[in-house]
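K.L.:
Handing over my_file-v1.txt, compact mmCIF, C-alpha atoms.
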```txt
# COMPACT_ATOMS: atom_id res chain seq x y z
CA MET R 1 -10.66 -26.15 -1.09
CA LYS R 2 -14.15 -27.63 -1.11
CA TRP R 3 -17.71 -26.61 -0.36
CA VAL R 4 -20.27 -28.55 1.66
CA HIS R 5 -23.98 -28.03 2.33
CA LYS R 6 -24.90 -26.28 5.57
CA MET R 7 -28.41 -25.30 6.55
CA ASN R 8 -27.96 -22.21 8.73
CA ILE R 9 -27.50 -18.78 7.16
CA TYR R 10 -24.04 -17.39 7.63
CA SER R 11 -23.12 -16.02 10.99
CA ASN R 12 -21.85 -12.59 11.99
CA ASN R 13 -18.79 -11.72 14.05
CA LYS R 14 -16.37 -13.95 12.19
CA THR R 15 -12.73 -13.17 12.91
CA ILE R 16 -10.56 -12.12 9.96
CA LEU R 17 -6.77 -11.80 10.15
CA ILE R 18 -5.56 -8.91 7.97
CA ALA R 19 -1.80 -8.70 7.43
CA PRO R 20 -0.08 -5.99 5.35
CA LEU R 21 3.58 -6.10 4.34
CA ASN R 22 5.85 -3.64 6.14
CA TRP R 23 7.47 -2.01 3.10
CA GLY R 24 6.98 1.70 3.58
CA LEU R 25 3.46 2.65 4.63
CA GLY R 26 1.47 1.97 1.47
CA HIS R 27 0.44 -1.63 2.16
CA ALA R 28 -0.74 -0.68 5.65
CA THR R 29 -2.64 2.46 4.64
CA ARG R 30 -4.55 0.79 1.82
CA CYS R 31 -5.70 -1.85 4.31
CA ILE R 32 -7.39 0.87 6.40
CA PRO R 33 -10.59 0.98 4.28
CA ILE R 34 -10.70 -2.84 4.32
CA ILE R 35 -10.42 -2.97 8.12
CA LYS R 36 -13.20 -0.36 8.43
CA ALA R 37 -15.36 -2.32 5.98
CA LEU R 38 -14.84 -5.52 7.99
CA GLN R 39 -16.03 -3.71 11.12
CA GLU R 40 -19.02 -2.20 9.33
CA ASN R 41 -20.03 -5.65 8.05
CA ASN R 42 -19.92 -7.24 11.53
CA TYR R 43 -16.55 -8.96 11.23
CA ILE R 44 -13.86 -8.84 13.90
CA PRO R 45 -10.51 -7.85 12.37
CA ILE R 46 -7.18 -8.82 13.87
CA ILE R 47 -4.23 -6.85 12.47
CA ALA R 48 -0.84 -8.51 11.99
CA SER R 49 2.34 -6.86 10.70
CA ASP R 50 5.64 -5.47 11.96
CA GLY R 51 7.63 -2.25 12.16
CA ILE R 52 6.18 1.10 11.12
CA ALA R 53 3.26 -0.57 9.30
CA LEU R 54 2.10 -2.13 12.56
CA GLU R 55 2.70 1.09 14.51
CA LEU R 56 0.62 3.11 12.03
CA LEU R 57 -2.30 0.68 12.20
CA ARG R 58 -2.15 0.62 16.01
CA LYS R 59 -2.57 4.40 15.98
CA GLU R 60 -5.46 4.17 13.49
CA PHE R 61 -7.23 1.32 15.30
CA PRO R 62 -6.31 1.54 19.00
CA TYR R 63 -9.12 -0.85 20.01
CA VAL R 64 -8.38 -3.57 17.43
CA LYS R 65 -6.23 -6.53 18.48
CA THR R 66 -2.78 -6.50 16.87
CA LEU R 67 -0.20 -9.27 16.48
CA LYS R 68 3.46 -9.03 15.51
CA LEU R 69 4.84 -10.90 12.50
CA PRO R 70 8.53 -11.48 11.69
CA SER R 71 10.22 -8.69 9.73
CA TYR R 72 11.22 -9.25 6.10
CA GLN R 73 14.12 -6.86 6.90
CA ILE R 74 13.66 -4.94 3.65
CA GLU R 75 16.22 -2.18 3.12
CA TYR R 76 17.12 -0.07 0.11
CA ALA R 77 20.68 0.40 -1.09
CA LYS R 78 22.13 3.93 -1.01
CA ASN R 79 23.16 3.47 -4.63
CA SER R 80 20.19 2.65 -6.86
CA LYS R 81 22.38 0.39 -9.03
CA ASN R 82 22.73 -1.95 -6.05
CA PHE R 83 18.97 -2.12 -5.33
CA LYS R 84 18.43 -5.59 -6.81
CA TRP R 85 21.55 -7.06 -5.27
CA LYS R 86 20.66 -5.68 -1.83
CA LEU R 87 17.31 -7.49 -2.07
CA LEU R 88 18.99 -10.70 -3.28
CA LYS R 89 21.45 -10.51 -0.39
CA ASN R 90 18.47 -10.19 1.97
CA LEU R 91 16.61 -13.14 0.39
CA PRO R 92 17.66 -15.74 3.02
CA ASN R 93 16.33 -13.46 5.81
CA MET R 94 13.10 -12.97 3.88
CA ILE R 95 12.62 -16.72 3.32
CA GLU R 96 13.22 -17.36 7.02
CA ALA R 97 10.64 -14.68 7.94
CA ILE R 98 8.07 -16.24 5.57
CA TRP R 99 8.67 -19.66 7.14
CA LYS R 100 8.25 -18.20 10.64
CA GLU R 101 5.06 -16.33 9.76
CA LYS R 102 3.55 -19.53 8.34
CA LYS R 103 4.09 -21.21 11.71
CA LYS R 104 2.67 -18.23 13.59
CA VAL R 105 -0.45 -18.08 11.41
CA LYS R 106 -1.03 -21.81 11.95
CA ARG R 107 -0.97 -21.27 15.74
CA TRP R 108 -3.09 -18.10 15.59
CA ILE R 109 -5.88 -19.79 13.61
CA LYS R 110 -6.42 -22.16 16.55
CA LYS R 111 -5.70 -19.67 19.34
CA TYR R 112 -7.91 -16.83 18.07
CA ASP R 113 -10.47 -18.92 16.15
CA ILE R 114 -9.67 -17.14 12.87
CA ASP R 115 -12.25 -17.68 10.10
CA GLY R 116 -10.45 -16.00 7.18
CA ILE R 117 -7.24 -14.30 6.07
CA ILE R 118 -6.51 -11.17 4.02
CA SER R 119 -2.81 -10.85 3.22
CA ASP R 120 -1.47 -7.73 1.52
CA ASN R 121 1.73 -9.05 -0.05
CA ARG R 122 2.76 -11.14 2.98
CA LEU R 123 3.77 -14.35 1.26
CA GLY R 124 3.48 -16.73 4.22
CA VAL R 125 0.18 -15.51 5.64
CA PHE R 126 -2.30 -18.06 4.30
CA SER R 127 -3.92 -21.34 5.30
CA LYS R 128 -5.66 -24.23 3.62
CA LYS R 129 -8.01 -24.43 6.61
CA VAL R 130 -9.68 -21.02 6.12
CA PRO R 131 -10.40 -18.85 3.05
CA SER R 132 -7.25 -16.87 2.25
CA ILE R 133 -7.15 -13.72 0.13
CA PHE R 134 -4.03 -12.13 -1.37
CA ILE R 135 -3.98 -8.40 -2.21
CA THR R 136 -1.49 -7.10 -4.73
CA HIS R 137 -1.22 -4.65 -7.61
CA GLN R 138 1.89 -6.47 -8.84
CA LEU R 139 0.90 -9.55 -10.80
CA ASN R 140 4.10 -8.78 -12.68
CA VAL R 141 7.03 -7.93 -10.39
CA MET R 142 9.41 -5.49 -12.08
CA THR R 143 13.10 -6.31 -11.53
CA GLY R 144 14.68 -5.25 -14.82
CA ASN R 145 16.05 -8.14 -16.89
CA THR R 146 14.82 -10.68 -14.29
CA THR R 147 11.17 -9.50 -14.41
CA TRP R 148 10.06 -12.74 -16.13
CA LEU R 149 11.49 -14.80 -13.27
CA THR R 150 10.26 -12.71 -10.33
CA SER R 151 6.81 -12.41 -11.93
CA LYS R 152 6.55 -16.20 -12.39
CA LEU R 153 7.66 -16.85 -8.81
CA HIS R 154 5.16 -14.30 -7.48
CA GLN R 155 2.31 -15.75 -9.53
CA ASN R 156 3.09 -19.25 -8.20
CA ILE R 157 2.80 -17.93 -4.63
CA ILE R 158 -0.51 -16.21 -5.46
CA LYS R 159 -1.89 -19.56 -6.66
CA LYS R 160 -1.75 -20.84 -3.07
CA PHE R 161 -4.48 -18.34 -2.13
CA ASP R 162 -8.19 -18.76 -2.84
CA GLU R 163 -8.54 -15.35 -4.48
CA CYS R 164 -6.30 -12.49 -5.51
CA TRP R 165 -7.75 -8.99 -5.12
CA VAL R 166 -6.19 -6.38 -7.40
CA PRO R 167 -6.90 -2.78 -6.30
CA ASP R 168 -7.40 -1.39 -9.80
CA PHE R 169 -9.81 -1.45 -12.71
CA GLY R 170 -9.81 -4.60 -14.79
CA ASP R 171 -10.30 -2.76 -18.08
CA SER R 172 -8.58 0.20 -19.67
CA PRO R 173 -8.05 2.95 -18.62
CA ASN R 174 -6.44 1.78 -15.40
CA LEU R 175 -3.69 2.88 -13.01
CA THR R 176 -1.29 -0.09 -12.92
CA GLY R 177 -0.83 -0.98 -16.59
CA LYS R 178 1.15 -4.19 -17.08
CA LEU R 179 1.94 -4.37 -13.35
CA GLY R 180 -1.60 -5.41 -12.48
CA HIS R 181 -2.79 -6.97 -15.75
CA ILE R 182 -1.62 -10.23 -17.30
CA LYS R 183 -2.93 -12.33 -20.15
CA ASN R 184 -4.02 -15.94 -19.76
CA ALA R 185 -3.48 -15.90 -16.01
CA ASP R 186 -4.15 -19.15 -14.22
CA LEU R 187 -5.24 -17.15 -11.18
CA LEU R 188 -8.59 -16.38 -9.59
CA LEU R 189 -8.43 -12.59 -9.93
CA ARG R 190 -10.94 -10.06 -8.67
CA TYR R 191 -10.41 -6.41 -9.68
CA ILE R 192 -11.86 -4.52 -6.73
CA GLY R 193 -11.16 -0.96 -7.92
CA PRO R 194 -8.60 1.44 -6.42
CA LEU R 195 -8.44 1.56 -2.61
CA SER R 196 -8.03 4.80 -0.71
CA ARG R 197 -8.61 5.79 2.89
CA MET R 198 -9.11 9.41 1.75
CA LYS R 199 -12.22 11.41 0.82
CA LYS R 200 -12.29 14.44 -1.46
CA LYS R 201 -13.57 17.57 0.29
CA ILE R 202 -13.92 21.12 -0.95
CA MET R 203 -11.76 23.15 1.43
CA PRO R 204 -9.90 26.50 1.25
CA ILE R 205 -6.30 26.08 0.09
CA GLN R 206 -3.90 26.60 3.00
CA PHE R 207 -0.67 25.29 1.43
CA ASP R 208 0.83 25.89 -2.00
CA LEU R 209 2.84 22.66 -1.76
CA MET R 210 2.47 19.45 0.22
CA ILE R 211 5.50 17.17 0.49
CA ILE R 212 4.91 13.65 1.80
CA LEU R 213 7.65 11.05 2.16
CA SER R 214 7.46 7.30 2.75
CA GLY R 215 9.37 4.10 2.15
CA PRO R 216 12.27 2.29 3.81
CA GLU R 217 15.58 3.85 4.72
CA PRO R 218 18.04 5.03 3.66
CA GLN R 219 16.23 6.43 0.60
CA ARG R 220 13.50 8.15 2.62
CA GLY R 221 16.13 10.06 4.60
CA LEU R 222 18.20 10.88 1.51
CA LEU R 223 15.19 12.44 -0.18
CA GLU R 224 14.27 14.37 2.96
CA LYS R 225 17.76 15.88 3.06
CA LYS R 226 17.63 16.82 -0.62
CA LEU R 227 14.17 18.40 -0.46
CA LYS R 228 15.01 20.43 2.65
CA ALA R 229 17.79 22.03 0.62
CA GLU R 230 15.59 22.55 -2.45
CA ILE R 231 12.57 24.17 -0.72
CA VAL R 232 14.76 27.05 0.48
CA ARG R 233 14.14 28.48 -3.02
CA TYR R 234 10.37 27.89 -2.90
CA LYS R 235 8.36 31.05 -2.24
CA GLY R 236 4.97 29.57 -1.32
CA THR R 237 3.66 27.93 1.85
CA VAL R 238 4.81 24.33 2.34
CA ILE R 239 3.70 21.49 4.59
CA PHE R 240 6.30 18.73 4.82
CA ILE R 241 5.34 15.28 6.23
CA LYS R 242 8.51 13.25 6.78
CA GLY R 243 6.87 9.84 7.07
CA ILE R 244 8.55 8.89 10.35
CA ILE R 245 6.19 7.00 12.68
CA GLU R 246 7.05 7.85 16.30
CA ASN R 247 5.24 7.74 19.64
CA GLU R 248 4.51 11.47 19.65
CA GLN R 249 3.60 13.77 16.80
CA ILE R 250 6.13 16.58 16.35
CA LYS R 251 5.35 19.87 14.59
CA GLU R 252 8.07 22.35 13.64
CA GLN R 253 7.84 25.70 11.81
CA ILE R 254 10.87 26.91 9.86
CA GLY R 255 10.14 29.98 7.76
CA ASN R 256 7.46 29.15 5.19
CA VAL R 257 7.67 25.39 5.88
CA THR R 258 5.62 23.46 8.47
CA TYR R 259 7.17 20.08 9.32
CA TYR R 260 5.43 17.02 10.79
CA ASN R 261 7.06 13.68 11.52
CA PHE R 262 3.77 11.89 10.70
CA MET R 263 0.02 12.44 10.47
CA ASN R 264 -2.96 10.18 11.10
CA THR R 265 -5.53 9.56 8.38
CA ARG R 266 -7.86 12.38 9.42
CA GLN R 267 -5.04 14.93 9.46
CA LEU R 268 -3.59 13.70 6.18
CA GLU R 269 -6.98 13.82 4.45
CA GLN R 270 -7.46 17.42 5.56
CA THR R 271 -3.92 18.40 4.53
CA PHE R 272 -4.27 16.82 1.08
CA ASN R 273 -7.54 18.65 0.53
CA GLU R 274 -6.03 21.95 1.71
CA SER R 275 -2.96 21.70 -0.58
CA GLU R 276 -2.67 22.99 -4.14
CA ILE R 277 -0.09 20.48 -5.42
CA VAL R 278 1.72 17.43 -3.99
CA LEU R 279 5.35 16.30 -4.25
CA CYS R 280 5.85 12.61 -3.38
CA ARG R 281 7.06 9.16 -4.36
CA SER R 282 5.25 7.29 -7.12
CA GLY R 283 4.16 4.44 -4.87
CA TYR R 284 0.90 2.87 -5.94
CA THR R 285 -1.01 3.62 -2.74
CA THR R 286 -0.08 7.30 -3.06
CA ILE R 287 -1.25 7.24 -6.69
CA MET R 288 -4.64 5.82 -5.61
CA ASP R 289 -4.96 8.53 -2.92
CA LEU R 290 -4.12 11.32 -5.39
CA ALA R 291 -6.67 10.00 -7.91
CA LYS R 292 -9.37 9.78 -5.23
CA LEU R 293 -8.61 13.34 -4.04
CA ASP R 294 -8.31 14.76 -7.58
CA LYS R 295 -4.92 16.33 -6.78
CA LYS R 296 -2.14 17.26 -9.22
CA ALA R 297 1.30 16.01 -8.28
CA PHE R 298 4.98 15.66 -9.13
CA PHE R 299 6.69 12.30 -8.61
CA ILE R 300 10.21 11.36 -7.51
CA PRO R 301 10.36 7.53 -7.75
CA THR R 302 12.55 5.68 -5.27
CA PRO R 303 15.91 5.12 -7.01
CA GLY R 304 16.25 1.54 -8.26
CA GLN R 305 12.67 0.55 -7.41
CA TYR R 306 11.49 -0.66 -10.80
CA GLU R 307 7.80 -0.60 -9.90
CA GLN R 308 7.80 3.09 -8.94
CA GLU R 309 9.93 3.97 -11.96
CA TYR R 310 7.53 2.11 -14.27
CA LEU R 311 4.46 3.83 -12.80
CA ALA R 312 6.10 7.27 -13.02
CA GLU R 313 7.09 6.69 -16.65
CA LYS R 314 3.63 5.31 -17.53
CA LEU R 315 1.75 8.27 -16.03
CA LYS R 316 4.09 10.82 -17.58
CA LYS R 317 3.76 9.19 -21.00
CA GLU R 318 -0.04 9.39 -20.64
CA GLY R 319 0.25 13.13 -19.94
CA LEU R 320 -1.05 12.80 -16.37
CA VAL R 321 1.83 13.43 -13.93
CA PRO R 322 5.44 14.64 -14.46
CA TYR R 323 8.40 13.12 -12.65
CA ALA R 324 12.16 13.47 -12.17
CA LYS R 325 14.90 11.19 -10.91
CA GLN R 326 15.93 11.87 -7.32
CA ASP R 327 19.43 13.08 -8.20
CA ASP R 328 18.12 15.35 -10.97
CA PHE R 329 15.20 16.99 -9.15
CA LYS R 330 15.15 20.77 -8.76
CA ILE R 331 12.35 22.70 -7.09
CA GLU R 332 11.77 24.55 -10.38
CA ASN R 333 10.59 21.25 -11.89
CA LEU R 334 7.26 21.76 -10.09
CA LEU R 335 6.32 24.29 -12.79
CA GLU R 336 5.90 21.32 -15.17
CA ILE R 337 2.73 20.26 -13.31
CA GLU R 338 0.73 22.93 -15.19
CA ASN R 339 1.35 21.04 -18.46
CA TYR R 340 -0.18 17.76 -17.21
CA LYS R 341 -3.83 16.74 -16.82
CA GLY R 342 -3.56 15.07 -13.42
CA LEU R 343 -4.75 11.58 -12.49
CA PRO R 344 -8.29 10.50 -13.46
CA HIS R 345 -10.61 11.09 -10.50
CA PHE R 346 -12.57 8.11 -9.20
CA ASP R 347 -15.19 7.81 -6.51
CA ILE R 348 -16.30 4.18 -6.61
CA GLN R 349 -18.17 2.33 -3.89
CA ASN R 350 -16.53 -1.01 -3.18
CA ASP R 351 -18.98 -3.91 -3.05
CA TRP R 352 -17.70 -5.18 0.30
CA PHE R 353 -20.72 -7.43 0.89
CA SER R 354 -19.99 -9.33 -2.30
CA MET R 355 -16.24 -9.39 -1.67
CA PHE R 356 -16.62 -10.80 1.85
CA ASP R 357 -18.83 -13.62 0.53
CA VAL R 358 -15.63 -15.64 0.29
CA PHE R 359 -15.78 -15.95 4.08
CA GLU R 360 -19.44 -16.95 4.13
CA GLU R 361 -22.09 -19.32 2.85
CA ILE R 362 -23.01 -18.85 -0.77
CA ASN R 363 -26.22 -20.44 -2.02
CA GLY R 364 -26.37 -22.87 0.88
CA LEU R 365 -22.72 -23.85 0.61
CA VAL R 366 -19.99 -23.08 3.08
CA TYR R 367 -16.22 -23.10 2.56
CA ILE R 368 -14.23 -25.61 4.62
```
Could you quickly redo this structure as structure tokens?
P.N.:
Amino acid sequence: MKWVHKMNIYSNNKTILIAPLNWGLGHATRCIPIIKALQENNYIPIIASDGIALELLRKEFPYVKTLKLPSYQIEYAKNSKNFKWKLLKNLPNMIEAIWKEKKKVKRWIKKYDIDGIISDNRLGVFSKKVPSIFITHQLNVMTGNTTWLTSKLHQNIIKKFDECWVPDFGDSPNLTGKLGHIKNADLLLRYIGPLSRMKKKIMPIQFDLMIILSGPEPQRGLLEKKLKAEIVRYKGTVIFIKGIIENEQIKEQIGNVTYYNFMNTRQLEQTFNESEIVLCRSGYTTIMDLAKLDKKAFFIPTPGQYEQEYLAEKLKKEGLVPYAKQDDFKIENLLEIENYKGLPHFDIQNDWFSMFDVFEEINGLVYI
């Protein structure tokens, strides 16, 4: 990259391609506040993704242009012990998808006059011709005894981008621990603070328990089946969001449980605020939402997903949130929540103007 002198002050209405990974819904949902901030700061966002991530963002932003990227074809194994090998088996498909998305991005930059890129963990969405930002909370990629290798490979990919935005605090205390913090990193890191599309509101409690599922199949479906059996013994009012993105929203009432296939951001925000406690995966985006909303929770990490297992163990060890393995969970475990402090509440204001400077002139210089 290089900077050259340019006399005019920077222009508005630049077009920014924002592309979240389709791995569950977390990457897409944490891009929602970024897309809104781009609009509020006179940028034109174009959304690119695939699968349920793209469908969710189309529902959130019906008037924003969307483009389809190749699928990484990420699936979880039914047996958690096979998680790593399932991903390794899928590696050739993933590499092919990354190669294809590189070609698509190259064409789109010319076709749509794109001025900048924000990629949330999409490894092939970058360009040397425009400023390219990578968003991740995983500077270290947990894969058990191969963590050193996957972390090194990931960091080498991040180096291709102009900046890496980490949605966490740079200092301690923080939410990601060693996932999002490395020593002597040869990376241009910017800790932007936790990202959440939610806002805390004081509202009357309508539900004793909120259950929200997410993540790829088959593990999402396996947990849904297990929890449906467990909540038969739960005496309070329950709202159960399955995390299935479909064309139409479906609501179903069975006894003390209200089921939804999915909710949009406004509905989810209200439901979170109206719920006493939350039962969910320990995905990082969910953790950021819970901290923003000041809600106590119980975690069931996705079996075999080292990142979620690490975060669940870290937060339990710190006395913040209890967790159980999927096979071991019983509804009575929710009583443990009373013995934990809950996540530290945050209500920071992201400095979007400063962050978006990467796409603009700075002190009379412009990126080319």
K.L.:
Give me the residues near segment 118-120 of chain R as a PyMOL selection string, where near means some atom within 7 Å (using all atoms listed in the file) and where sequence neighbours in that chain fewer than 6 positions away do not count.
P.N.:
chain R and resi 17-21+27+132-136
K.L.:
Could you check the closest approach to Lys129 of chain R for each of R:Leu189, R:Arg220, R:Ile287, R:Phe359 and tell me which residue wins, using all atoms listed in the file?
P.N.:
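When distances to Lys129 of chain R are compared using all atoms listed in the file, the smallest one comes from R:Phe359.
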K.L.:
Using Å and a single decimal, report how far atom CA of Asp208 of chain R sits from atom CA of Thr265 of chain R.
P.N.:
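Pair atom CA of Thr265 of chain R / atom CA of Asp208 of chain R returns 20.4 Å.
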K.L.:
Can you tell me, as a ChimeraX atom specification, what residues are no more than 8 Å from segment 346-356 of chain R when counting all atoms listed in the file, ignoring any on the same chain fewer than 3 positions away?
P.N.:
/R:37,41,192-193,291-292,359-360
K.L.:
One decimal, Å: what's the distance from atom CA of Trp165 of chain R over to atom CA of Leu153 of chain R, could you say?
P.N.:
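Pair atom CA of Trp165 of chain R / atom CA of Leu153 of chain R returns 17.7 Å.
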K.L.:
So, with all atoms listed in the file as the atoms that count, which of R:Pro218, R:Pro303, R:Gly283, R:Gly342 lies closest to Val321 of chain R?
P.N.:
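Nearest to Val321 of chain R: R:Gly342.
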K.L.:
So, with only C-alpha atoms as the atoms that count, which of R:Met142, R:Leu149, R:Met288, R:Met203 lies closest to Phe169 of chain R?
P.N.:
R:Met288
K.L.:
Figure out the distance between atom CA of Ser151 of chain R and atom CA of Asp357 of chain R, please, to one decimal in Å.
P.N.:
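Between atom CA of Asp357 of chain R and atom CA of Ser151 of chain R the gap works out to 28.5 Å.
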K.L.:
Under the rule that all atoms listed in the file are counted, which of R:Ile244, R:Ile34, R:Ala48, R:Ile211 is the nearest residue to Phe272 of chain R?
P.N.:
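When distances to Phe272 of chain R are compared using all atoms listed in the file, the smallest one comes from R:Ile211.
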K.L.:
Would you mind telling me which residue in R:Glu313, R:Glu246, R:Ile212, R:Ala324 lies nearest to Leu290 of chain R when using all atoms listed in the file?
P.N.:
R:Ile212
K.L.:
Given all atoms listed in the file as the basis, pick out the residue of R:Pro92, R:Pro173, R:Gly221, R:Pro344 nearest to Gln73 of chain R.
P.N.:
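Counting all atoms listed in the file, the residue closest to Gln73 of chain R is R:Pro92.
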K.L.:
Do a neighbour search on Asp171 of chain R at 10 Å with only C-alpha atoms, toss out local chain neighbours closer than 5 positions, and write the hits as a list in words.
P.N.:
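These residues fall inside the cut-off: Gly177, His181 and Tyr191 of chain R.
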K.L.:
Which residues of segment 139-255 of chain R have any atom within 8 Å of an atom in segment 327-332 of chain R when counting only C-alpha atoms, and what is the closest pair of atoms for each, with the distance in Å to one decimal? Order the rows by chain and rising number and write it as CSV.
P.N.:
```
residue,atom,partner,partner_atom,distance
R:Glu230,CA,R:Ile331,CA,5.7
R:Ile231,CA,R:Ile331,CA,6.5
R:Arg233,CA,R:Ile331,CA,7.3
R:Tyr234,CA,R:Ile331,CA,7.0
```
K.L.:
May I have the centre and edge lengths, in Å to one decimal, of an axis-aligned box around the listed atoms of segment 18-29 of chain R with 5 Å added to every side, as JSON?
P.N.:
```
{"center_x": 1.0, "center_y": -3.1, "center_z": 4.7, "size_x": 23.0, "size_y": 21.6, "size_z": 16.5}
```
K.L.:
Please identify all polymer residues within 12 Å of Leu343 of chain R, counting all atoms listed in the file, omitting same-chain residues fewer than 3 positions from it, and present them as a list of chain:residue names.
P.N.:
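Using all atoms listed in the file, the neighbours found are R:Pro173, R:Asn174, R:Leu175, R:Thr286, R:Ile287, R:Met288, R:Asp289, R:Leu290, R:Ala291, R:Lys292, R:Leu293, R:Asp294, R:Lys295, R:Lys296, R:Ala297, R:Phe298, R:Ala312, R:Lys314, R:Leu315, R:Lys316, R:Glu318, R:Gly319, R:Leu320, R:Val321, R:Pro322, R:Ile337, R:Tyr340, R:Phe346.
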K.L.:
Identify, on the basis of all atoms listed in the file, every residue whose closest approach to Phe126 of chain R does not exceed 12 Å; exclude the query and any residue fewer than 5 positions from it along the same chain; express the result as number ranges by chain.
P.N.:
R: 16-19, 98-99, 101-109, 114-121, 131-135, 157-164
K.L.:
Mind filling out segment 268-280 of chain R with N, CA, C and O atoms and sending it as a PDB file, in the coordinates of the input?
P.N.:
```
ATOM      1  N   LEU R 268      -4.107  13.772   7.546  1.00  0.00           N
ATOM      2  CA  LEU R 268      -3.590  13.700   6.180  1.00  0.00           C
ATOM      3  C   LEU R 268      -4.666  14.051   5.161  1.00  0.00           C
ATOM      4  O   LEU R 268      -4.404  14.775   4.201  1.00  0.00           O
ATOM      5  N   GLU R 269      -5.868  13.530   5.362  1.00  0.00           N
ATOM      6  CA  GLU R 269      -6.980  13.820   4.450  1.00  0.00           C
ATOM      7  C   GLU R 269      -7.228  15.321   4.374  1.00  0.00           C
ATOM      8  O   GLU R 269      -7.376  15.889   3.283  1.00  0.00           O
ATOM      9  N   GLN R 270      -7.246  15.977   5.536  1.00  0.00           N
ATOM     10  CA  GLN R 270      -7.460  17.420   5.560  1.00  0.00           C
ATOM     11  C   GLN R 270      -6.328  18.161   4.862  1.00  0.00           C
ATOM     12  O   GLN R 270      -6.567  19.089   4.074  1.00  0.00           O
ATOM     13  N   THR R 271      -5.084  17.721   5.116  1.00  0.00           N
ATOM     14  CA  THR R 271      -3.920  18.400   4.530  1.00  0.00           C
ATOM     15  C   THR R 271      -3.898  18.234   3.018  1.00  0.00           C
ATOM     16  O   THR R 271      -3.618  19.195   2.285  1.00  0.00           O
ATOM     17  N   PHE R 272      -4.185  17.030   2.536  1.00  0.00           N
ATOM     18  CA  PHE R 272      -4.270  16.820   1.080  1.00  0.00           C
ATOM     19  C   PHE R 272      -5.294  17.777   0.477  1.00  0.00           C
ATOM     20  O   PHE R 272      -5.027  18.441  -0.539  1.00  0.00           O
ATOM     21  N   ASN R 273      -6.471  17.827   1.075  1.00  0.00           N
ATOM     22  CA  ASN R 273      -7.540  18.650   0.530  1.00  0.00           C
ATOM     23  C   ASN R 273      -7.233  20.149   0.599  1.00  0.00           C
ATOM     24  O   ASN R 273      -7.747  20.932  -0.201  1.00  0.00           O
ATOM     25  N   GLU R 274      -6.381  20.540   1.547  1.00  0.00           N
ATOM     26  CA  GLU R 274      -6.030  21.950   1.710  1.00  0.00           C
ATOM     27  C   GLU R 274      -4.782  22.353   0.922  1.00  0.00           C
ATOM     28  O   GLU R 274      -4.356  23.498   0.998  1.00  0.00           O
ATOM     29  N   SER R 275      -4.198  21.421   0.149  1.00  0.00           N
ATOM     30  CA  SER R 275      -2.960  21.700  -0.580  1.00  0.00           C
ATOM     31  C   SER R 275      -3.217  21.818  -2.079  1.00  0.00           C
ATOM     32  O   SER R 275      -4.024  21.074  -2.644  1.00  0.00           O
ATOM     33  N   GLU R 276      -2.509  22.738  -2.708  1.00  0.00           N
ATOM     34  CA  GLU R 276      -2.670  22.990  -4.140  1.00  0.00           C
ATOM     35  C   GLU R 276      -2.049  21.862  -4.966  1.00  0.00           C
ATOM     36  O   GLU R 276      -2.682  21.315  -5.865  1.00  0.00           O
ATOM     37  N   ILE R 277      -0.783  21.538  -4.696  1.00  0.00           N
ATOM     38  CA  ILE R 277      -0.090  20.480  -5.420  1.00  0.00           C
ATOM     39  C   ILE R 277       0.671  19.599  -4.411  1.00  0.00           C
ATOM     40  O   ILE R 277       0.905  20.014  -3.271  1.00  0.00           O
ATOM     41  N   VAL R 278       1.072  18.397  -4.875  1.00  0.00           N
ATOM     42  CA  VAL R 278       1.720  17.430  -3.990  1.00  0.00           C
ATOM     43  C   VAL R 278       3.019  16.941  -4.630  1.00  0.00           C
ATOM     44  O   VAL R 278       3.056  16.636  -5.834  1.00  0.00           O
ATOM     45  N   LEU R 279       4.070  16.855  -3.823  1.00  0.00           N
ATOM     46  CA  LEU R 279       5.350  16.300  -4.250  1.00  0.00           C
ATOM     47  C   LEU R 279       5.589  15.025  -3.429  1.00  0.00           C
ATOM     48  O   LEU R 279       5.566  15.069  -2.192  1.00  0.00           O
ATOM     49  N   CYS R 280       5.809  13.883  -4.103  1.00  0.00           N
ATOM     50  CA  CYS R 280       5.850  12.610  -3.380  1.00  0.00           C
ATOM     51  C   CYS R 280       6.488  11.527  -4.227  1.00  0.00           C
ATOM     52  O   CYS R 280       6.838  11.739  -5.392  1.00  0.00           O
TER      53      CYS R 280
END
```
